[in-house]
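Step one of this worksheet: look at the structure below.
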Amino acid sequence: MAPKILIVTGDAAESLEVLYPYQRLIEEGYEVHIAAPAVKKLRFVVHDFEDGFDTYTEKPGYTWPADIAFADVDPGEYVALVVPGGRAPEYLRNDPEVRRILAAFAGEDKPIAQICHGPLITAAAGALDGRRVTAYPALELDMKASGAVFEDSEAVVDGTLVSARAWPDHSAWMREFLTVLHAKAPVSGR
């Protein structure tokens with residue numbers, strides 16, 4: 001039986017930041033579940049960078065079904081957690097169930113991959129104090145306010161916590177996360 005990995009997300013998550021790790025981790029032999037506030041079809045978005053805009057733009061993205069509701073997640077069933085970005089973390093960080101899930105993974109030092117605005121959830125769970133992280137650069141002050149040491153880099157590894165700025169950093173992010181994951185929770189026979 002393959003080790004299970006949980007992705008916590010919701011509507012308005014960045015399409016690439018959910019689906020790239022989802023597919024990459026399945027490719028590695030892990031079983032991956034998507035958790036959301038409720039079991040339903042999620043509506044993701046696409047964030048892109050366009051000339052003349054001071055920040056990213058947002059367009060409708062893919063839809064994808066959630067496998068499990070946050071309230072039904074038993075963190076003990078999973079070996080690692082992925083926290084994608086997009087706008088979803090802005091409201092998900094207020095959900096006590098997602099904070100419970102995140103605190104459980106952080107408390108047991110299980111691998112956590114976070115990207116873009118995902119660290120807003122990790123911060124809300126109180127799991128960034130004293131940690132080295134990166135995030136979408138506009139979140140530097142939020143990361144520092146949560147007690148983290150912010151580094152503007154494509155991937156930052158602090159023990160079992162692996163952070164990236166945004167989807168252009170996917171390759172470095174997953175490469176570093178897989179190194180941590182293979183050491184802490186390898187797939188049998190690989």
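To be explicit about the labels: the chains of the structure tokens are called A, B, and onward in the order shown, and within each one the residues are counted from 1, while ligands get numbers from 1 in the order they are shown.
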Inset, instruction - Quick one: everything within 9 Å of A:Ile7, counting only C-alpha atoms, minus sequence neighbours fewer than 6 positions away in the same chain. Send it as a count of residues only. - result: 13
Legend entry - Nearby residues (only C-alpha atoms) at most 9 Å from A:Gly107, same-chain spacing under 4 positions excluded, as a list of chain:residue names: A:Leu102, A:Ala103, A:Ala127
Inset, instruction - Determine the nearest neighbour of A:Arg24 from the options A:Ile5, A:Ala104, A:Ala124, A:Ala88, counting only C-alpha atoms. - result: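 Among the listed residues, the smallest separation from A:Arg24 belongs to A:Ile5.
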Legend entry - Minimum-distance residue to A:Val39, chosen among A:Asp74, A:Asp67, A:Asp54, A:Glu108 (using only C-alpha atoms):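 Result for the nearest residue to A:Val39: A:Asp67.
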Inset, instruction - For atom CA of A:Leu181 and atom CA of A:Val73, determine how far apart the two atoms are, in Å to one decimal place. - result: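 Atom CA of A:Leu181 sits 20.2 Å away from atom CA of A:Val73.
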Inset, instruction - Using only C-alpha atoms, determine which residues lie at most 12 Å from A:Glu27, disregarding the query and same-chain residues fewer than 4 positions distant; provide the list as a PyMOL selection string. - result: chain A and resi 2+20-23+31-32+178+187+190
Inset, instruction - Select, from A:Ile121, A:Pro60, A:Ser163, A:Tyr91, the residue with the minimum atom-to-atom distance to A:Arg175, counting only C-alpha atoms. - result: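 Once distances to A:Arg175 are computed over only C-alpha atoms, the minimum belongs to A:Ser163.
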Legend entry - Among listed residues A:Met1, A:Val149, A:Leu6, A:Glu28, nearest A:His182 (using only C-alpha atoms):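 Selected residue with least distance to A:His182: A:Glu28.
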Inset, instruction - Tell me which protein, DNA and RNA residues are within 12 Å of A:Met143, counting only C-alpha atoms, leaving out same-chain ones fewer than 3 positions away, and put them as number ranges by chain. - result: A: 116-124, 126-140, 146-152, 163
Could you save the residues just selected, with N, CA, C and O atoms, as a short mmCIF file (atom, residue, chain, number, x, y, z; two decimals), in the first residue's frame?
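Okay, this is what ended up in again.cif:
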```cif
data_model
loop_
_atom_site.label_atom_id
_atom_site.label_comp_id
_atom_site.auth_asym_id
_atom_site.auth_seq_id
_atom_site.Cartn_x
_atom_site.Cartn_y
_atom_site.Cartn_z
N CYS A 116 3.75 29.79 -2.55
CA CYS A 116 3.03 31.02 -2.85
C CYS A 116 2.33 31.56 -1.60
O CYS A 116 2.98 31.91 -0.64
N HIS A 117 0.99 31.59 -1.58
CA HIS A 117 0.23 32.08 -0.43
C HIS A 117 -0.06 30.97 0.58
O HIS A 117 -0.63 31.23 1.63
N GLY A 118 0.33 29.73 0.27
CA GLY A 118 0.12 28.62 1.19
C GLY A 118 0.67 28.84 2.59
O GLY A 118 0.03 28.45 3.58
N PRO A 119 1.84 29.48 2.74
CA PRO A 119 2.38 29.71 4.07
C PRO A 119 1.49 30.55 4.98
O PRO A 119 1.71 30.58 6.20
N LEU A 120 0.47 31.23 4.43
CA LEU A 120 -0.48 31.94 5.29
C LEU A 120 -1.19 30.96 6.22
O LEU A 120 -1.49 31.29 7.37
N ILE A 121 -1.45 29.75 5.72
CA ILE A 121 -2.09 28.73 6.56
C ILE A 121 -1.11 28.22 7.61
O ILE A 121 -1.46 28.07 8.78
N THR A 122 0.09 27.95 7.20
CA THR A 122 1.12 27.47 8.14
C THR A 122 1.34 28.50 9.24
O THR A 122 1.46 28.15 10.42
N ALA A 123 1.36 29.76 8.86
CA ALA A 123 1.52 30.84 9.85
C ALA A 123 0.33 30.87 10.81
O ALA A 123 0.52 31.01 12.02
N ALA A 124 -0.88 30.73 10.28
CA ALA A 124 -2.08 30.77 11.12
C ALA A 124 -2.11 29.62 12.12
O ALA A 124 -2.68 29.74 13.20
N GLY A 126 0.50 28.60 13.60
CA GLY A 126 1.59 28.84 14.54
C GLY A 126 2.82 27.99 14.29
O GLY A 126 3.61 27.76 15.20
N ALA A 127 2.99 27.56 13.04
CA ALA A 127 4.06 26.61 12.73
C ALA A 127 5.27 27.23 12.03
O ALA A 127 6.13 26.49 11.54
N LEU A 128 5.37 28.55 11.97
CA LEU A 128 6.50 29.17 11.27
C LEU A 128 7.49 29.87 12.18
O LEU A 128 8.55 30.30 11.70
N ASP A 129 7.21 29.99 13.44
CA ASP A 129 8.09 30.72 14.35
C ASP A 129 9.50 30.12 14.33
O ASP A 129 9.69 28.94 14.60
N GLY A 130 10.47 30.95 13.95
CA GLY A 130 11.86 30.52 13.91
C GLY A 130 12.25 29.72 12.68
O GLY A 130 13.40 29.31 12.56
N ARG A 131 11.32 29.49 11.76
CA ARG A 131 11.61 28.69 10.57
C ARG A 131 12.07 29.57 9.42
O ARG A 131 11.66 30.72 9.29
N ARG A 132 12.91 29.02 8.57
CA ARG A 132 13.32 29.68 7.32
C ARG A 132 12.31 29.31 6.25
O ARG A 132 12.02 28.13 6.04
N VAL A 133 11.75 30.32 5.56
CA VAL A 133 10.74 30.07 4.53
C VAL A 133 10.90 31.05 3.38
O VAL A 133 11.54 32.08 3.50
N THR A 134 10.25 30.69 2.29
CA THR A 134 9.97 31.64 1.23
C THR A 134 8.48 31.54 0.96
O THR A 134 7.79 30.65 1.45
N ALA A 135 7.97 32.49 0.20
CA ALA A 135 6.56 32.57 -0.16
C ALA A 135 6.46 33.56 -1.31
O ALA A 135 7.49 34.10 -1.75
N TYR A 136 5.26 33.81 -1.78
CA TYR A 136 5.11 34.86 -2.78
C TYR A 136 5.73 36.13 -2.18
O TYR A 136 5.46 36.45 -1.02
N PRO A 137 6.62 36.82 -2.89
CA PRO A 137 7.37 37.93 -2.29
C PRO A 137 6.54 38.98 -1.58
O PRO A 137 7.00 39.57 -0.60
N ALA A 138 5.30 39.21 -2.00
CA ALA A 138 4.45 40.20 -1.34
C ALA A 138 4.09 39.78 0.09
O ALA A 138 3.59 40.60 0.86
N LEU A 139 4.36 38.53 0.45
CA LEU A 139 4.06 38.04 1.80
C LEU A 139 5.25 38.13 2.75
O LEU A 139 5.17 37.64 3.88
N GLU A 140 6.31 38.76 2.33
CA GLU A 140 7.50 38.83 3.19
C GLU A 140 7.15 39.37 4.58
O GLU A 140 7.57 38.79 5.60
N SER A 146 4.95 36.37 11.43
CA SER A 146 4.65 35.06 12.01
C SER A 146 5.88 34.47 12.72
O SER A 146 5.81 33.35 13.24
N GLY A 147 6.99 35.21 12.71
CA GLY A 147 8.21 34.75 13.37
C GLY A 147 9.17 34.01 12.46
O GLY A 147 10.20 33.51 12.92
N ALA A 148 8.86 33.94 11.17
CA ALA A 148 9.73 33.23 10.23
C ALA A 148 10.87 34.13 9.73
O ALA A 148 10.78 35.35 9.78
N VAL A 149 11.90 33.50 9.24
CA VAL A 149 13.00 34.18 8.56
C VAL A 149 12.72 34.02 7.07
O VAL A 149 12.71 32.91 6.55
N PHE A 150 12.45 35.14 6.40
CA PHE A 150 12.06 35.10 4.98
C PHE A 150 13.29 35.15 4.08
O PHE A 150 14.19 35.95 4.28
N GLU A 151 13.31 34.27 3.07
CA GLU A 151 14.35 34.27 2.05
C GLU A 151 13.68 34.30 0.68
O GLU A 151 12.82 33.47 0.40
N ASP A 152 14.07 35.22 -0.16
CA ASP A 152 13.52 35.33 -1.51
C ASP A 152 14.32 34.41 -2.42
O ASP A 152 15.30 34.81 -3.04
N SER A 163 9.60 25.26 1.09
CA SER A 163 8.80 26.39 0.61
C SER A 163 9.26 26.82 -0.77
O SER A 163 10.44 26.69 -1.11
#
```
